[in-house]
>>> print(open('structure_15.cif').read())   # mmCIF, C-alpha atoms
data_protein
loop_
_atom_site.label_atom_id
_atom_site.label_comp_id
_atom_site.auth_asym_id
_atom_site.auth_seq_id
_atom_site.Cartn_x
_atom_site.Cartn_y
_atom_site.Cartn_z
CA MET A 1 -16.26 9.66 5.14
CA THR A 2 -15.69 8.41 1.60
CA PHE A 3 -12.21 7.55 0.35
CA VAL A 4 -11.36 7.72 -3.34
CA PHE A 5 -10.04 4.14 -3.10
CA PRO A 6 -10.11 1.54 -0.30
CA ALA A 7 -7.96 2.63 2.61
CA PRO A 8 -4.85 0.48 3.14
CA GLU A 9 -4.75 -1.85 6.10
CA THR A 10 -3.09 -0.56 9.27
CA PRO A 11 0.35 -2.14 9.74
CA ALA A 12 0.31 -4.30 12.86
CA ILE A 13 2.55 -6.58 14.92
CA PRO A 14 1.15 -9.75 16.54
CA VAL A 15 1.27 -9.93 20.34
CA ALA A 16 2.97 -13.11 21.52
CA GLY A 17 0.69 -15.85 22.78
CA THR A 18 -2.53 -14.06 21.78
CA SER A 19 -4.64 -13.28 18.74
CA ALA A 20 -4.26 -9.54 19.41
CA LEU A 21 -2.49 -7.18 17.04
CA PHE A 22 -0.55 -4.03 17.95
CA PRO A 23 -1.43 -1.29 15.40
CA VAL A 24 1.63 0.64 14.24
CA ARG A 25 1.53 4.42 13.82
CA ARG A 26 5.15 5.49 13.25
CA VAL A 27 8.50 3.70 13.27
CA TYR A 28 11.40 5.62 14.79
CA CYS A 29 14.97 4.31 14.78
CA VAL A 30 17.87 5.51 16.89
CA GLY A 31 21.32 5.57 15.33
CA ARG A 32 24.68 4.57 16.82
CA ASN A 33 23.41 3.54 20.23
CA TYR A 34 26.11 0.98 21.05
CA ALA A 35 29.63 2.38 21.54
CA ALA A 36 31.37 -0.22 19.39
CA HIS A 37 28.90 0.29 16.54
CA ALA A 38 29.24 4.07 16.79
CA ARG A 39 32.97 3.70 16.30
CA GLU A 40 32.37 1.14 13.54
CA MET A 41 30.32 3.73 11.66
CA GLY A 42 32.75 6.59 12.25
CA GLY A 43 31.04 8.21 15.23
CA ASP A 44 32.20 9.24 18.69
CA PRO A 45 30.11 7.57 21.41
CA THR A 46 31.61 9.73 24.15
CA ARG A 47 29.88 12.91 23.05
CA GLU A 48 27.16 12.27 20.44
CA PRO A 49 23.54 12.73 21.61
CA PRO A 50 20.98 10.24 20.25
CA PHE A 51 19.72 10.92 16.75
CA PHE A 52 16.73 9.45 14.99
CA PHE A 53 15.56 8.48 11.52
CA MET A 54 12.35 6.80 10.41
CA LYS A 55 11.03 3.86 8.44
CA PRO A 56 7.56 3.74 6.89
CA ALA A 57 5.17 1.81 9.11
CA ASP A 58 4.37 -0.53 6.22
CA ALA A 59 8.08 -1.36 5.87
CA LEU A 60 7.71 -3.66 8.87
CA GLN A 61 7.69 -7.39 8.14
CA PRO A 62 6.02 -9.31 10.98
CA VAL A 63 7.81 -12.65 11.43
CA PRO A 64 6.19 -15.47 13.43
CA ALA A 65 8.21 -17.00 16.23
CA ASP A 66 9.78 -20.38 15.49
CA ALA A 67 9.10 -20.06 11.75
CA LEU A 68 11.39 -19.50 8.78
CA ALA A 69 10.16 -16.50 6.80
CA GLU A 70 11.27 -15.34 3.37
CA HIS A 71 12.79 -11.88 3.13
CA PRO A 72 13.10 -10.27 -0.32
CA TYR A 73 16.41 -8.76 -1.39
CA PRO A 74 15.45 -5.24 -2.50
CA PRO A 75 16.23 -3.63 -5.85
CA MET A 76 18.79 -0.86 -6.40
CA THR A 77 21.39 -2.19 -3.99
CA GLY A 78 24.38 -4.49 -4.03
CA ASN A 79 25.24 -4.09 -0.33
CA TYR A 80 22.28 -5.03 1.85
CA HIS A 81 23.06 -5.01 5.58
CA PHE A 82 21.50 -6.51 8.70
CA GLU A 83 21.28 -4.64 12.03
CA ILE A 84 19.67 -6.53 14.92
CA GLU A 85 17.76 -4.31 17.36
CA LEU A 86 15.54 -4.38 20.41
CA VAL A 87 12.16 -2.93 19.40
CA ALA A 88 10.03 -1.01 21.93
CA ALA A 89 6.33 -0.45 21.22
CA LEU A 90 4.35 2.34 22.90
CA SER A 91 0.72 2.04 24.03
CA ARG A 92 0.66 5.51 25.59
CA GLY A 93 1.84 8.86 24.28
CA GLY A 94 3.10 12.17 25.53
CA ARG A 95 5.25 15.21 24.97
CA ASP A 96 8.32 16.21 27.01
CA VAL A 97 8.16 12.93 28.91
CA ALA A 98 10.49 12.71 31.90
CA VAL A 99 12.99 9.84 31.86
CA GLU A 100 11.56 8.43 35.08
CA ASP A 101 8.09 8.26 33.48
CA ALA A 102 9.11 7.08 30.02
CA LEU A 103 8.79 3.33 30.56
CA ASP A 104 5.14 3.82 31.52
CA LEU A 105 4.52 4.44 27.81
CA VAL A 106 6.03 1.10 26.71
CA PHE A 107 3.61 -1.73 25.97
CA GLY A 108 6.21 -4.33 25.12
CA TYR A 109 9.31 -5.45 23.27
CA ALA A 110 10.26 -7.51 20.22
CA VAL A 111 13.23 -8.69 18.21
CA GLY A 112 13.78 -6.56 15.12
CA ILE A 113 16.22 -6.18 12.25
CA ASP A 114 16.85 -2.83 10.60
CA MET A 115 17.73 -3.89 7.05
CA THR A 116 19.69 -1.22 5.22
CA ARG A 117 20.75 -0.56 1.63
CA ARG A 118 24.24 0.41 2.83
CA ASP A 119 25.52 1.55 -0.53
CA LEU A 120 22.62 4.00 -0.83
CA GLN A 121 23.17 5.16 2.74
CA ASP A 122 26.89 5.73 2.15
CA GLU A 123 26.10 7.72 -0.97
CA ALA A 124 23.50 9.77 0.89
CA LYS A 125 25.96 10.52 3.68
CA ALA A 126 28.62 11.63 1.21
CA LEU A 127 26.15 13.94 -0.54
CA ARG A 128 24.48 15.08 2.72
CA ARG A 129 21.14 13.73 1.58
CA PRO A 130 18.37 11.97 3.55
CA TRP A 131 18.57 8.25 4.28
CA ALA A 132 14.96 7.47 3.30
CA LEU A 133 15.70 5.19 0.34
CA ALA A 134 18.46 3.42 2.26
CA LYS A 135 16.32 2.67 5.29
CA GLY A 136 12.80 2.49 3.88
CA ALA A 137 12.87 -0.42 1.45
CA ASP A 138 9.80 -2.63 1.33
CA LEU A 139 9.77 -5.08 4.26
CA SER A 140 13.07 -3.65 5.54
CA GLY A 141 11.95 -3.97 9.17
CA PRO A 142 11.54 -7.64 10.09
CA VAL A 143 10.05 -7.83 13.59
CA GLY A 144 9.00 -10.69 15.80
CA PRO A 145 5.96 -10.95 18.08
CA LEU A 146 5.58 -8.30 20.77
CA HIS A 147 6.06 -9.48 24.35
CA PRO A 148 4.15 -7.31 26.84
CA ALA A 149 6.31 -5.61 29.46
CA SER A 150 3.79 -6.82 32.02
CA GLN A 151 5.11 -10.33 31.31
CA VAL A 152 8.80 -9.88 30.43
CA GLY A 153 9.58 -6.67 32.31
CA HIS A 154 11.54 -3.75 30.91
CA LEU A 155 14.66 -5.23 29.35
CA ALA A 156 17.81 -3.41 30.44
CA SER A 157 20.23 -6.31 29.99
CA GLY A 158 20.43 -9.61 28.17
CA GLU A 159 22.20 -11.10 25.19
CA ILE A 160 21.41 -9.79 21.70
CA VAL A 161 22.73 -11.93 18.83
CA LEU A 162 22.42 -12.19 15.05
CA GLU A 163 23.69 -15.20 13.10
CA VAL A 164 23.99 -15.72 9.36
CA ASP A 165 23.92 -19.38 8.30
CA GLY A 166 24.81 -20.33 11.88
CA ALA A 167 27.82 -18.02 12.19
CA VAL A 168 27.59 -15.28 14.83
CA ARG A 169 27.90 -11.87 13.20
CA GLN A 170 26.61 -9.57 15.94
CA LYS A 171 26.73 -10.24 19.68
CA ALA A 172 26.37 -7.86 22.60
CA ASP A 173 24.32 -7.16 25.70
CA LEU A 174 21.39 -4.75 25.94
CA ALA A 175 23.26 -3.19 28.86
CA ASP A 176 25.79 -1.94 26.30
CA MET A 177 23.31 0.61 24.93
CA ILE A 178 24.57 4.18 25.30
CA TRP A 179 21.04 5.55 25.71
CA SER A 180 18.50 3.40 27.57
CA VAL A 181 14.99 2.84 26.25
CA ALA A 182 13.66 5.32 28.81
CA GLU A 183 16.18 7.94 27.74
CA GLN A 184 15.36 7.38 24.07
CA VAL A 185 11.63 7.78 24.66
CA SER A 186 12.18 10.91 26.72
CA HIS A 187 14.58 12.46 24.22
CA LEU A 188 12.35 11.70 21.24
CA SER A 189 9.31 13.19 23.00
CA ARG A 190 11.07 16.55 23.08
CA TYR A 191 10.95 16.67 19.28
CA ASN A 192 7.67 14.91 18.45
CA GLU A 193 4.58 14.21 20.48
CA LEU A 194 4.47 10.45 20.90
CA PHE A 195 1.28 8.44 20.44
CA PRO A 196 0.02 4.91 21.06
CA GLY A 197 1.23 2.75 18.19
CA ASP A 198 4.63 4.38 17.89
CA VAL A 199 7.50 1.90 17.63
CA ILE A 200 11.20 2.51 18.34
CA PHE A 201 14.10 0.45 16.96
CA THR A 202 16.61 1.08 19.74
CA GLY A 203 19.97 0.70 17.98
CA THR A 204 22.30 -2.08 16.88
CA PRO A 205 25.59 -3.53 18.17
CA ASP A 206 28.75 -3.66 16.08
CA GLY A 207 29.29 -6.36 13.48
CA VAL A 208 26.74 -5.17 10.93
CA GLY A 209 27.37 -6.59 7.50
CA ALA A 210 26.01 -7.69 4.16
CA VAL A 211 23.69 -10.60 3.56
CA GLN A 212 23.20 -12.41 0.26
CA ARG A 213 20.32 -14.23 -1.40
CA GLY A 214 20.06 -17.76 -0.08
CA GLU A 215 21.52 -16.93 3.33
CA THR A 216 19.50 -17.29 6.53
CA MET A 217 19.50 -14.73 9.33
CA ARG A 218 18.55 -15.70 12.87
CA ALA A 219 18.11 -12.87 15.37
CA ARG A 220 17.51 -13.46 19.06
CA ILE A 221 17.29 -11.44 22.26
CA ALA A 222 17.23 -12.96 25.73
CA GLY A 223 13.66 -13.13 26.99
CA LEU A 224 12.12 -12.46 23.57
CA GLY A 225 12.97 -15.56 21.59
CA ALA A 226 14.21 -15.52 18.00
CA ILE A 227 13.15 -14.81 14.44
CA ALA A 228 14.61 -16.41 11.32
CA LEU A 229 14.52 -15.28 7.70
CA THR A 230 15.99 -16.58 4.46
CA VAL A 231 16.90 -13.88 1.94
CA VAL A 232 15.34 -14.55 -1.44
#
>>> encode(input="structure_15.cif", output="structure tokens")
Amino acid sequence: MTFVFPAPETPAIPVAGTSALFPVRRVYCVGRNYAAHAREMGGDPTREPPFFFMKPADALQPVPADALAEHPYPPMTGNYHFEIELVAALSRGGRDVAVEDALDLVFGYAVGIDMTRRDLQDEAKALRRPWALAKGADLSGPVGPLHPASQVGHLASGEIVLEVDGAVRQKADLADMIWSVAEQVSHLSRYNELFPGDVIFTGTPDGVGAVQRGETMRARIAGLGAIALTVV
């Protein structure tokens, strides 16, 4: 096979404690998966089923553990928001996966941040337009090293926290998720066949807010460590 120009590199996430890389196929994100955040964003957590949007795979920004990375403030926004999330990475695929089998697809977990051009998202909502430009900015998916489920287990509880310049802005427990990881995988597999390399950002707690150039975000999840980024 001959390409008309060199094929781009496959986006990949480092696996913690190894030299291995997890190749990324698609990045799915679930919206409003913590009750307080659903209310914060105008939703009703008592009756809304999970819904999904996507980021480009190359929008991920791998961030080494225990390092301070630089994160670029994107153009065309004046209201750039952080949303800390547990990230689940699949090493097996399937269609119409039963909830009780869904965790068999999960390779491991990481700390992630769904960065969002909130002003563009609000405009898109008002005009009933897609969220692609709001959610798909370059490097808008910072993600830490993947921790294999064989080592850390399948995380159903544990503290999830995001700080900006040392001040806690988001804090919750993974047990507060409306839809568990298994339920998200199962639900998503009814719409799309899932494949190895698919990644799911599993939702954010309340407290989302804007970050400015020069500020430092630190996101941590119990059992997965932390990532830190300064906005430049």
>>> atom_distance(input="structure_15.cif", atom1="atom CA of A:Gly78", atom2="atom CA of A:Arg118")
8.4 Å
>>> closest_atom_pairs(input="structure_15.cif", of="stretch 43-67 of chain A", to="stretch 101-111 of chain A", cutoff="12 Å", atoms="all atoms listed in the file", output="tab-separated table")
residue	atom	partner	partner_atom	distance
A:Leu60	CA	A:Val111	CA	12.0
A:Gln61	CA	A:Val111	CA	11.6
A:Pro62	CA	A:Val111	CA	10.2
A:Val63	CA	A:Val111	CA	9.5
A:Pro64	CA	A:Val111	CA	10.9
A:Ala65	CA	A:Val111	CA	9.9
>>> residues_around(input="structure_15.cif", residues="stretch 16-31 of chain A", least_positions_apart="5", cutoff="8 Å", atoms="all atoms listed in the file", output="JSON, numbers by chain")
{"A": [10, 11, 50, 51, 52, 53, 54, 55, 56, 57, 145, 146, 147, 148, 184, 195, 196, 197, 198, 199, 200, 201, 202, 203, 204]}
>>> resolve_selection(input="structure_15.cif", expression="the PyMOL selection byres ((chain A and resi 217-225) around 8)", output="short mmCIF file (atom, residue, chain, number, x, y, z; two decimals) with C-alpha atoms, in the frame of the given file")
data_model
loop_
_atom_site.label_atom_id
_atom_site.label_comp_id
_atom_site.auth_asym_id
_atom_site.auth_seq_id
_atom_site.Cartn_x
_atom_site.Cartn_y
_atom_site.Cartn_z
CA ALA A 65 8.21 -17.00 16.23
CA ILE A 84 19.67 -6.53 14.92
CA LEU A 86 15.54 -4.38 20.41
CA TYR A 109 9.31 -5.45 23.27
CA ALA A 110 10.26 -7.51 20.22
CA VAL A 111 13.23 -8.69 18.21
CA GLY A 112 13.78 -6.56 15.12
CA ILE A 113 16.22 -6.18 12.25
CA HIS A 147 6.06 -9.48 24.35
CA VAL A 152 8.80 -9.88 30.43
CA GLY A 158 20.43 -9.61 28.17
CA GLU A 159 22.20 -11.10 25.19
CA ILE A 160 21.41 -9.79 21.70
CA VAL A 161 22.73 -11.93 18.83
CA LEU A 162 22.42 -12.19 15.05
CA GLU A 163 23.69 -15.20 13.10
CA VAL A 164 23.99 -15.72 9.36
CA ASP A 165 23.92 -19.38 8.30
CA GLY A 166 24.81 -20.33 11.88
CA GLU A 215 21.52 -16.93 3.33
CA THR A 216 19.50 -17.29 6.53
CA ALA A 226 14.21 -15.52 18.00
CA ILE A 227 13.15 -14.81 14.44
CA ALA A 228 14.61 -16.41 11.32
CA LEU A 229 14.52 -15.28 7.70
CA THR A 230 15.99 -16.58 4.46
CA VAL A 231 16.90 -13.88 1.94
#
>>> axis_aligned_box(input="structure_15.cif", around="stretch 77-91 of chain A", padding_each_side="8 Å", output="lines of an AutoDock Vina configuration file")
center_x = 13.0
center_y = -2.1
center_z = 10.0
size_x = 40.5
size_y = 24.9
size_z = 44.1
>>> closest_residue(input="structure_15.cif", among="A:Val208, A:Ala132, A:Leu155, A:Ala126", to="A:Val168", atoms="all atoms listed in the file")
A:Val208
>>> resolve_selection(input="structure_15.cif", expression="the PyMOL selection byres ((chain A and resi 131) around 9)", output="NGL selection string")
:A and (53-54 or 120-122 or 124-125 or 129-130 or 132-136)
>>> closest_residue(input="structure_15.cif", among="A:Pro6, A:Ser150, A:Glu85, A:Glu100", to="A:Asn33", atoms="all atoms listed in the file")
A:Glu85
>>> residues_around(input="structure_15.cif", residues="A:Pro72", least_positions_apart="2", cutoff="7 Å", atoms="all atoms listed in the file", output="short mmCIF file (atom, residue, chain, number, x, y, z; two decimals) with C-alpha atoms, keeping the file's coordinate frame")
data_model
loop_
_atom_site.label_atom_id
_atom_site.label_comp_id
_atom_site.auth_asym_id
_atom_site.auth_seq_id
_atom_site.Cartn_x
_atom_site.Cartn_y
_atom_site.Cartn_z
CA GLU A 70 11.27 -15.34 3.37
CA PRO A 74 15.45 -5.24 -2.50
CA VAL A 231 16.90 -13.88 1.94
CA VAL A 232 15.34 -14.55 -1.44
#
>>> closest_residue(input="structure_15.cif", among="A:Trp179, A:Ser189, A:Gly209, A:Ser91", to="A:Asp114", atoms="all atoms listed in the file")
A:Gly209
>>> atom_distance(input="structure_15.cif", atom1="atom CA of A:Asp138", atom2="atom CA of A:Ala210")
17.2 Å
>>> resolve_selection(input="structure_15.cif", expression="the PyMOL selection byres ((chain A and resi 207) around 8)", output="PyMOL selection string")
chain A and resi 37+169-171+205-206+208-209
>>> decode(input="structure_15.cif", residues="stretch 177-192 of chain A", atoms="all heavy atoms", output="short mmCIF file (atom, residue, chain, number, x, y, z; two decimals), in the first residue's frame")
data_model
loop_
_atom_site.label_atom_id
_atom_site.label_comp_id
_atom_site.auth_asym_id
_atom_site.auth_seq_id
_atom_site.Cartn_x
_atom_site.Cartn_y
_atom_site.Cartn_z
N MET A 177 -20.83 8.19 40.42
CA MET A 177 -21.23 8.13 39.02
C MET A 177 -22.64 7.55 38.90
O MET A 177 -22.99 6.58 39.57
CB MET A 177 -20.25 7.29 38.20
CG MET A 177 -18.93 7.97 37.93
SD MET A 177 -17.96 7.19 36.59
CE MET A 177 -17.50 5.65 37.36
N ILE A 178 -23.45 8.17 38.04
CA ILE A 178 -24.81 7.68 37.81
C ILE A 178 -24.76 6.34 37.08
O ILE A 178 -25.47 5.39 37.42
CB ILE A 178 -25.61 8.72 37.00
CG1 ILE A 178 -25.72 10.04 37.77
CG2 ILE A 178 -27.00 8.18 36.67
CD1 ILE A 178 -26.26 11.19 36.93
N TRP A 179 -23.93 6.29 36.02
CA TRP A 179 -23.77 5.08 35.22
C TRP A 179 -22.36 4.55 35.43
O TRP A 179 -21.39 5.26 35.22
CB TRP A 179 -24.01 5.39 33.74
CG TRP A 179 -25.38 5.93 33.47
CD1 TRP A 179 -25.75 7.26 33.44
CD2 TRP A 179 -26.57 5.19 33.24
NE1 TRP A 179 -27.09 7.37 33.19
CE2 TRP A 179 -27.62 6.12 33.06
CE3 TRP A 179 -26.85 3.83 33.14
CZ2 TRP A 179 -28.93 5.73 32.80
CZ3 TRP A 179 -28.16 3.44 32.89
CH2 TRP A 179 -29.17 4.37 32.72
N SER A 180 -22.24 3.30 35.88
CA SER A 180 -20.93 2.71 36.13
C SER A 180 -20.18 2.51 34.81
O SER A 180 -20.75 2.60 33.72
CB SER A 180 -21.11 1.35 36.81
OG SER A 180 -21.69 0.41 35.91
N VAL A 181 -18.89 2.22 34.93
CA VAL A 181 -18.09 1.95 33.73
C VAL A 181 -18.69 0.79 32.95
O VAL A 181 -18.83 0.86 31.72
CB VAL A 181 -16.63 1.65 34.11
CG1 VAL A 181 -15.84 1.19 32.88
CG2 VAL A 181 -15.96 2.88 34.73
N ALA A 182 -19.07 -0.27 33.63
CA ALA A 182 -19.67 -1.42 32.95
C ALA A 182 -20.94 -1.03 32.22
O ALA A 182 -21.18 -1.45 31.07
CB ALA A 182 -19.95 -2.53 33.95
N GLU A 183 -21.77 -0.22 32.84
CA GLU A 183 -23.01 0.21 32.20
C GLU A 183 -22.73 1.12 31.00
O GLU A 183 -23.41 1.03 29.97
CB GLU A 183 -23.90 0.93 33.21
CG GLU A 183 -24.49 0.00 34.25
CD GLU A 183 -25.16 0.74 35.39
OE1 GLU A 183 -24.69 1.85 35.76
OE2 GLU A 183 -26.14 0.21 35.95
N GLN A 184 -21.72 1.97 31.12
CA GLN A 184 -21.36 2.83 29.99
C GLN A 184 -20.88 2.00 28.80
O GLN A 184 -21.29 2.24 27.66
CB GLN A 184 -20.26 3.81 30.40
CG GLN A 184 -20.70 4.86 31.40
CD GLN A 184 -19.55 5.73 31.82
OE1 GLN A 184 -18.87 6.31 30.99
NE2 GLN A 184 -19.32 5.85 33.12
N VAL A 185 -20.00 1.05 29.05
CA VAL A 185 -19.49 0.20 27.97
C VAL A 185 -20.63 -0.55 27.32
O VAL A 185 -20.74 -0.61 26.08
CB VAL A 185 -18.43 -0.78 28.52
CG1 VAL A 185 -18.06 -1.81 27.46
CG2 VAL A 185 -17.18 -0.03 28.97
N SER A 186 -21.50 -1.13 28.12
CA SER A 186 -22.63 -1.88 27.58
C SER A 186 -23.55 -1.00 26.76
O SER A 186 -23.94 -1.36 25.64
CB SER A 186 -23.40 -2.54 28.73
OG SER A 186 -24.55 -3.21 28.25
N HIS A 187 -23.88 0.17 27.28
CA HIS A 187 -24.80 1.08 26.59
C HIS A 187 -24.19 1.55 25.27
O HIS A 187 -24.86 1.54 24.23
CB HIS A 187 -25.10 2.27 27.48
CG HIS A 187 -26.23 3.13 27.00
ND1 HIS A 187 -27.54 2.87 27.29
CD2 HIS A 187 -26.23 4.24 26.23
CE1 HIS A 187 -28.31 3.79 26.72
NE2 HIS A 187 -27.54 4.63 26.08
N LEU A 188 -22.92 1.93 25.29
CA LEU A 188 -22.27 2.41 24.09
C LEU A 188 -22.19 1.32 23.02
O LEU A 188 -22.34 1.61 21.82
CB LEU A 188 -20.87 2.91 24.45
CG LEU A 188 -20.02 3.52 23.32
CD1 LEU A 188 -20.74 4.69 22.67
CD2 LEU A 188 -18.67 3.96 23.87
N SER A 189 -22.02 0.07 23.44
CA SER A 189 -21.89 -1.03 22.48
C SER A 189 -23.19 -1.33 21.75
O SER A 189 -23.19 -2.07 20.76
CB SER A 189 -21.39 -2.30 23.18
OG SER A 189 -22.40 -2.89 23.98
N ARG A 190 -24.29 -0.77 22.22
CA ARG A 190 -25.56 -0.92 21.51
C ARG A 190 -25.62 -0.01 20.29
O ARG A 190 -26.37 -0.26 19.36
CB ARG A 190 -26.73 -0.62 22.44
CG ARG A 190 -26.89 -1.63 23.57
CD ARG A 190 -27.73 -1.10 24.72
NE ARG A 190 -29.01 -0.54 24.26
CZ ARG A 190 -29.82 0.20 25.01
NH1 ARG A 190 -29.47 0.47 26.26
NH2 ARG A 190 -30.96 0.65 24.54
N TYR A 191 -24.83 1.06 20.30
CA TYR A 191 -24.83 2.03 19.21
C TYR A 191 -23.68 1.79 18.23
O TYR A 191 -23.86 1.90 17.01
CB TYR A 191 -24.73 3.45 19.77
CG TYR A 191 -25.97 3.88 20.51
CD1 TYR A 191 -26.09 3.67 21.87
CD2 TYR A 191 -27.02 4.50 19.83
CE1 TYR A 191 -27.23 4.06 22.56
CE2 TYR A 191 -28.17 4.90 20.51
CZ TYR A 191 -28.26 4.68 21.87
OH TYR A 191 -29.40 5.06 22.53
N ASN A 192 -22.50 1.52 18.76
CA ASN A 192 -21.31 1.30 17.93
C ASN A 192 -20.64 0.01 18.35
O ASN A 192 -20.56 -0.29 19.57
CB ASN A 192 -20.28 2.43 18.10
CG ASN A 192 -20.68 3.71 17.42
OD1 ASN A 192 -21.72 3.80 16.78
ND2 ASN A 192 -19.85 4.72 17.57
#
